[in-house]
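Structure data (mmCIF, C-alpha atoms) from coords_1.cif:
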```
data_coords
loop_
_atom_site.label_atom_id
_atom_site.label_comp_id
_atom_site.auth_asym_id
_atom_site.auth_seq_id
_atom_site.Cartn_x
_atom_site.Cartn_y
_atom_site.Cartn_z
CA MET A 1 5.27 2.63 17.03
CA ILE A 2 3.35 4.96 19.34
CA PRO A 3 2.10 3.15 22.47
CA LEU A 4 -1.59 3.04 23.29
CA ALA A 5 -2.60 5.93 25.47
CA ALA A 6 -5.33 5.90 28.06
CA SER A 7 -8.83 6.67 26.78
CA GLY A 8 -10.31 10.09 27.53
CA GLY A 9 -8.53 13.43 27.40
CA GLY A 10 -5.61 14.07 25.11
CA PRO A 11 -5.73 14.47 21.34
CA PRO A 12 -8.07 12.46 19.08
CA ARG A 13 -6.56 9.11 18.20
CA ALA A 14 -6.48 7.49 14.76
CA LEU A 15 -5.79 3.81 14.13
CA VAL A 16 -3.46 2.99 11.21
CA VAL A 17 -3.22 -0.66 10.19
CA ARG A 18 -0.54 -1.55 7.66
CA SER A 19 2.10 -4.02 6.61
CA GLY A 20 5.63 -3.56 7.91
CA ALA A 21 8.92 -2.56 6.22
CA LEU A 22 8.22 1.17 5.72
CA ASP A 23 7.92 3.95 8.31
CA PHE A 24 4.71 5.89 8.83
CA PRO A 25 5.28 9.64 9.43
CA ARG A 26 4.63 11.29 12.76
CA PRO A 27 1.92 13.98 13.11
CA LEU A 28 3.22 17.53 12.75
CA HIS A 29 1.09 18.65 15.72
CA PRO A 30 0.95 15.83 18.31
CA ALA A 31 -1.43 17.83 20.48
CA ALA A 32 -3.99 17.80 17.65
CA LEU A 33 -3.69 14.16 16.52
CA GLU A 34 -2.28 10.93 17.91
CA VAL A 35 -1.59 8.01 15.59
CA PHE A 36 -1.46 4.41 16.76
CA GLU A 37 0.04 2.01 14.26
CA LYS A 38 -0.64 -1.69 14.13
CA ILE A 39 1.73 -3.66 11.92
CA THR A 40 -0.47 -6.43 10.53
CA HIS A 41 2.07 -8.28 8.41
CA GLY A 42 5.79 -8.81 8.12
CA ILE A 43 7.50 -9.04 4.73
CA GLU A 44 9.07 -12.37 3.75
CA PRO A 45 11.27 -12.21 0.62
CA LEU A 46 10.79 -15.04 -1.87
CA ALA A 47 13.28 -16.61 -4.28
CA ALA A 48 12.01 -15.18 -7.59
CA ASP A 49 13.35 -16.88 -10.73
CA PRO A 50 16.16 -14.67 -12.16
CA ALA A 51 15.65 -16.22 -15.61
CA VAL A 52 12.85 -13.69 -16.14
CA LEU A 53 15.56 -11.02 -16.37
CA THR A 54 17.72 -12.73 -19.00
CA GLU A 55 15.69 -11.43 -21.97
CA PRO A 56 15.16 -7.82 -23.06
CA ALA A 57 11.95 -6.19 -21.84
CA ALA A 58 10.05 -3.20 -23.19
CA LEU A 59 8.70 -2.18 -19.80
CA ALA A 60 9.01 -2.91 -16.06
CA ILE A 61 6.25 -1.78 -13.72
CA PHE A 62 6.81 -1.37 -9.98
CA THR A 63 3.62 -0.96 -7.97
CA SER A 64 5.03 -0.37 -4.47
CA GLN A 65 8.05 0.80 -2.52
CA VAL A 66 8.33 -2.64 -0.93
CA ALA A 67 8.62 -4.29 -4.36
CA VAL A 68 11.35 -1.83 -5.32
CA ARG A 69 13.39 -2.38 -2.18
CA VAL A 70 13.08 -6.17 -2.16
CA PHE A 71 13.96 -6.32 -5.86
CA PHE A 72 17.03 -4.07 -5.76
CA ASP A 73 18.38 -5.37 -2.46
CA ASP A 74 19.74 -8.23 -4.59
CA PRO A 75 22.89 -7.02 -6.47
CA GLY A 76 22.56 -9.81 -9.02
CA ARG A 77 19.03 -8.69 -9.88
CA GLN A 78 20.23 -5.11 -10.19
CA ARG A 79 22.79 -6.13 -12.81
CA LEU A 80 20.38 -8.29 -14.81
CA PHE A 81 17.71 -5.60 -14.61
CA GLY A 82 20.05 -3.03 -16.15
CA GLN A 83 20.72 -5.36 -19.06
CA ALA A 84 17.08 -6.38 -19.58
CA LEU A 85 15.81 -2.78 -19.53
CA SER A 86 18.71 -1.18 -21.43
CA ALA A 87 16.30 -0.26 -24.26
CA GLY A 88 13.07 -0.34 -22.25
CA ARG A 89 11.13 1.90 -19.90
CA VAL A 90 10.35 1.77 -16.19
CA ALA A 91 6.99 2.71 -14.69
CA ALA A 92 6.22 3.51 -11.04
CA VAL A 93 2.80 3.54 -9.40
CA GLY A 94 2.88 6.67 -7.29
CA GLU A 95 5.50 9.25 -6.37
CA SER A 96 6.71 7.25 -3.37
CA THR A 97 7.49 4.26 -5.58
CA ALA A 98 9.24 6.57 -8.04
CA ALA A 99 11.35 8.00 -5.20
CA ALA A 100 12.30 4.48 -4.09
CA LEU A 101 13.46 3.68 -7.64
CA ARG A 102 15.58 6.84 -7.72
CA ASP A 103 17.24 5.73 -4.49
CA PHE A 104 18.63 2.83 -6.53
CA GLY A 105 19.65 4.99 -9.47
CA VAL A 106 16.64 4.17 -11.65
CA GLU A 107 14.73 7.11 -13.13
CA PRO A 108 11.18 6.04 -14.08
CA SER A 109 9.90 7.34 -17.40
CA ILE A 110 6.27 6.83 -16.28
CA VAL A 111 4.98 7.90 -12.87
CA ALA A 112 1.33 6.92 -12.52
CA ALA A 113 -1.13 8.38 -10.05
CA GLY A 114 -1.46 5.40 -7.73
CA SER A 115 -3.40 2.56 -9.34
CA GLY A 116 -3.08 -0.06 -12.04
CA ALA A 117 -5.64 1.82 -14.11
CA SER A 118 -3.53 4.98 -14.01
CA VAL A 119 -0.57 3.03 -15.44
CA LEU A 120 -2.74 1.71 -18.27
CA ASP A 121 -3.92 5.25 -19.00
CA ARG A 122 -0.31 6.20 -19.79
CA LEU A 123 0.37 3.30 -22.16
CA PRO A 124 -0.63 2.67 -25.79
CA ARG A 125 -3.97 0.98 -26.40
CA ARG A 126 -2.17 -1.97 -28.00
CA LEU A 127 0.94 -3.57 -26.52
CA ASP A 128 1.36 -6.48 -28.91
CA GLY A 129 4.89 -7.85 -28.70
CA TRP A 130 5.77 -5.89 -25.53
CA ARG A 131 7.54 -7.99 -22.91
CA VAL A 132 6.54 -6.52 -19.55
CA LEU A 133 8.20 -7.29 -16.20
CA LEU A 134 5.97 -7.16 -13.12
CA PRO A 135 8.00 -7.33 -9.87
CA ARG A 136 5.35 -7.62 -7.15
CA GLY A 137 4.07 -9.18 -3.97
CA GLU A 138 2.17 -12.45 -3.70
CA ASP A 139 -1.11 -10.66 -2.85
CA ALA A 140 -0.99 -8.08 -5.68
CA THR A 141 -4.32 -7.34 -7.38
CA LEU A 142 -5.13 -8.58 -10.90
CA GLU A 143 -6.26 -5.22 -12.31
CA LEU A 144 -2.89 -4.35 -13.87
CA PRO A 145 -1.85 -7.75 -15.33
CA GLU A 146 -5.33 -8.34 -16.73
CA GLY A 147 -5.34 -4.90 -18.34
CA LEU A 148 -1.90 -5.43 -19.85
CA ALA A 149 -2.78 -8.89 -21.15
CA SER A 150 -5.97 -7.58 -22.76
CA ARG A 151 -3.79 -5.18 -24.81
CA GLY A 152 -1.55 -7.98 -26.05
CA ALA A 153 1.43 -7.63 -23.71
CA ARG A 154 3.56 -10.67 -22.83
CA LEU A 155 3.71 -10.64 -19.04
CA ARG A 156 6.66 -11.79 -16.95
CA PRO A 157 5.60 -11.62 -13.28
CA MET A 158 8.21 -11.83 -10.53
CA VAL A 159 6.71 -12.68 -7.13
CA LEU A 160 9.28 -11.16 -4.77
CA TYR A 161 7.68 -11.38 -1.34
CA ARG A 162 4.72 -12.48 0.70
CA LYS A 163 3.03 -10.82 3.64
CA VAL A 164 3.08 -12.89 6.84
CA PRO A 165 0.18 -12.02 9.19
CA ALA A 166 0.88 -11.02 12.77
CA ALA A 167 -0.87 -12.72 15.69
CA ALA A 168 -4.23 -11.40 16.83
CA ASP A 169 -4.09 -8.52 19.33
CA PRO A 170 -6.86 -8.79 21.99
CA ALA A 171 -5.74 -5.54 23.64
CA LEU A 172 -6.25 -3.63 20.39
CA ASP A 173 -9.68 -5.20 19.95
CA THR A 174 -10.65 -4.00 23.43
CA GLU A 175 -9.44 -0.49 22.63
CA ILE A 176 -11.45 -0.37 19.39
CA ALA A 177 -14.61 -1.71 21.03
CA GLY A 178 -14.22 0.86 23.82
CA GLY A 179 -14.21 3.78 21.37
CA ALA A 180 -10.52 4.68 21.69
CA PHE A 181 -10.22 5.77 18.05
CA PHE A 182 -12.12 8.34 15.99
CA ALA A 183 -10.83 7.25 12.57
CA LEU A 184 -9.25 4.33 10.75
CA ALA A 185 -6.60 4.31 8.04
CA THR A 186 -5.41 1.23 6.21
CA THR A 187 -2.90 0.88 3.41
CA SER A 188 -3.94 -2.39 1.75
CA PRO A 189 -6.72 -4.98 1.53
CA ALA A 190 -4.42 -7.42 3.37
CA ALA A 191 -4.05 -5.09 6.35
CA ALA A 192 -7.80 -4.42 6.44
CA SER A 193 -8.54 -8.14 6.21
CA TRP A 194 -6.27 -8.84 9.19
CA LEU A 195 -8.11 -6.21 11.24
CA PHE A 196 -11.61 -7.41 10.37
CA THR A 197 -10.78 -11.11 10.70
CA ASN A 198 -9.56 -10.57 14.27
CA ALA A 199 -12.22 -8.04 15.32
CA SER A 200 -14.98 -8.93 17.78
CA PRO A 201 -18.58 -7.97 16.91
CA ALA A 202 -18.36 -4.99 19.27
CA ALA A 203 -15.15 -3.80 17.62
CA MET A 204 -16.66 -4.22 14.13
CA ASP A 205 -19.62 -2.09 15.19
CA ARG A 206 -17.21 0.66 16.23
CA LEU A 207 -15.18 0.38 13.03
CA ARG A 208 -18.33 0.80 10.94
CA GLU A 209 -19.01 4.10 12.72
CA MET A 210 -15.60 5.59 11.91
CA PRO A 211 -14.45 7.50 8.86
CA ALA A 212 -11.75 5.54 7.05
CA VAL A 213 -8.88 6.70 4.82
CA VAL A 214 -7.25 4.33 2.32
CA LEU A 215 -4.47 4.46 -0.27
CA GLY A 216 -6.34 2.98 -3.23
CA ARG A 217 -9.77 2.13 -4.53
CA TYR A 218 -9.33 -1.65 -4.17
CA THR A 219 -8.82 -1.18 -0.44
CA GLY A 220 -11.82 1.15 -0.37
CA ARG A 221 -13.99 -1.44 -2.09
CA TYR A 222 -12.89 -4.06 0.41
CA LEU A 223 -13.85 -1.80 3.32
CA ASN A 224 -17.22 -1.10 1.71
CA SER A 225 -17.81 -4.85 1.37
CA ARG A 226 -17.35 -5.20 5.14
CA GLY A 227 -19.84 -2.48 5.96
CA ILE A 228 -17.46 0.47 6.31
CA GLU A 229 -19.40 3.19 4.49
CA ARG A 230 -17.42 6.39 5.21
CA VAL A 231 -14.35 5.62 3.10
CA GLU A 232 -12.09 8.20 1.46
CA THR A 233 -9.13 7.59 -0.85
CA ALA A 234 -6.09 9.70 0.07
CA GLU A 235 -5.37 12.53 -2.35
CA GLN A 236 -2.01 10.92 -3.20
CA PRO A 237 -1.03 7.25 -2.69
CA THR A 238 1.40 8.09 0.14
CA PHE A 239 1.56 7.75 3.90
CA HIS A 240 1.94 11.52 4.17
CA ALA A 241 -1.35 12.02 2.31
CA ILE A 242 -3.09 9.63 4.71
CA LEU A 243 -1.66 11.50 7.68
CA ALA A 244 -2.74 14.87 6.24
CA ARG A 245 -6.31 13.66 5.78
CA LEU A 246 -6.43 12.21 9.30
CA ALA A 247 -5.27 15.59 10.64
CA GLU A 248 -8.07 17.32 8.69
CA LEU A 249 -10.65 14.89 10.06
CA ALA A 250 -9.36 15.44 13.60
CA ALA A 251 -9.56 19.22 13.20
CA ALA A 252 -13.13 18.98 11.88
CA ARG A 253 -14.42 17.00 14.85
CA PRO A 254 -17.00 18.88 16.94
CA THR A 255 -15.70 20.18 20.23
CA ALA A 256 -17.45 19.57 23.52
#
```
I'd like the structure from this file rewritten - as structure tokens, please.
Amino acid sequence: MIPLAASGGGPPRALVVRSGALDFPRPLHPAALEVFEKITHGIEPLAADPAVLTEPAALAIFTSQVAVRVFFDDPGRQRLFGQALSAGRVAAVGESTAAALRDFGVEPSIVAAGSGASVLDRLPRRLDGWRVLLPRGEDATLELPEGLASRGARLRPMVLYRKVPAAADPALDTEIAGGAFFALATTSPAAASWLFTNASPAAMDRLREMPAVVLGRYTGRYLNSRGIERVETAEQPTFHAILARLAELAAARPTA
């Protein structure tokens, strides 16, 4: 984590709020952009029922790198997964999730663009009789399971982890209210909710003035609902894509 720097002078500063467990990349040109990360949640693994993996499945869908790593960190689950999916397919939401699966020796046959809708676009219109595994977090959105169920799939969710919110950070609130940041990036509705729930009215006013970059449209909709109007979805659902867009926004700022 990059420490807070003094206001004034130096490169433009962007605030990134996100859950923990994965590393955010460093700017390629630190003199042109400074990133301050706030980890809003820790990851608490949950005891998912392994019985879900004792029957063959036609498809398993992983929606995040965290879900992949929590799932495959259990050797017993790895073994059962190989048996359950021996004749099935594996789908990944986004290239980063696909790369995480490959780290565990699993080659996804479907790599979607970064949303539940993009997975559905790559599947048949009817999924009657398909048994579908959904390893996911406790706060996962309903877009994907509802879409699968509407096509006739038999869903087998596995809730692998929950996000545990960090304590409020008064120092960060003061920095935001004082105009320390020119842009906001957030990787999930949960991270954005933590920020807004703990923000003072003065900090919220500042946040509404900033451009924001998000990973997916659900997060964008949540920001819009809280009065953040200048919201962009990153070109790819990756941290590197967020960083690249923040660098572009920093370069486009008017100079004194």
- Item | Nearby residues (all atoms listed in the file) at most 10 Å from stretch 37-49 of chain A, same-chain spacing under 6 positions excluded, as a count of residues only | 43
- Applied to the shown file, which residues does the PyMOL selection byres ((chain A and resi 139-155) around 6) return, written as a PyMOL selection string? chain A and resi 116+126-128+130-132+137-138+156
- Task: Work out how far apart atom CA of A:Val111 and atom CA of A:Val93 are and give it in Å to one decimal.
- Result: 6.0 Å
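Of the listed residues (A:Ala51, A:Leu101, A:Leu120, A:Val90), A:Leu101 comes nearest to A:Asp73; the distances count all atoms listed in the file.
In this structure, atom CA of A:Met204 sits 29.0 Å away from atom CA of A:His29.
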- Task: Considering all atoms listed in the file, state which residue in the set A:Ser115, A:Arg26, A:Ala100, A:Phe196 is at the smallest distance from A:Tyr222.
- Result: A:Phe196
- Among listed residues A:Gly216, A:Phe181, A:Val52, A:Ser200, nearest A:Ala117 (using all atoms listed in the file): A:Gly216
- Message: Evaluate the PyMOL selection byres ((chain A and resi 97) around 8) against this structure - the residues, as a ChimeraX atom specification, please.
- Response: /A:62-65,68,92-96,98-101
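Straight-line separation from atom CA of A:Glu175 to atom CA of A:Arg13: 11.0 Å.
Closest approach to A:Phe72 from the set A:Leu215, A:Val106, A:Ala112, A:Leu223 is made by A:Val106, with distances taken over all atoms listed in the file.
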Build an axis-aligned box that encloses every atom of stretch 159-170 of chain A listed in the file, pad it by 6 Å on each side, and report its centre and edge lengths in Å to one decimal, as JSON.
```
{"center_x": 1.2, "center_y": -10.7, "center_z": 7.4, "size_x": 28.1, "size_y": 16.4, "size_z": 41.1}
```
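Shortest atom-to-atom contact with A:Leu85 among A:Val119, A:Leu249, A:Leu59, A:Ala202: A:Leu59, counting all atoms listed in the file.
Using all atoms listed in the file, the shortest contact distance between A:Pro108 and any of A:Pro211, A:Leu123, A:Ile61, A:Arg79 is found at A:Ile61.
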- Residue neighbourhood A:Arg206, 8 Å, only C-alpha atoms, exclusion window fewer than 4 positions, as a list in words: Ile176, Ala177, Gly179, Ala202 and Met210 of chain A
- Taking the file above as input, evaluate the PyMOL selection byres ((chain A and resi 228) around 9) and report the hits as a ChimeraX atom specification. /A:207-212,220,222-227,229-231
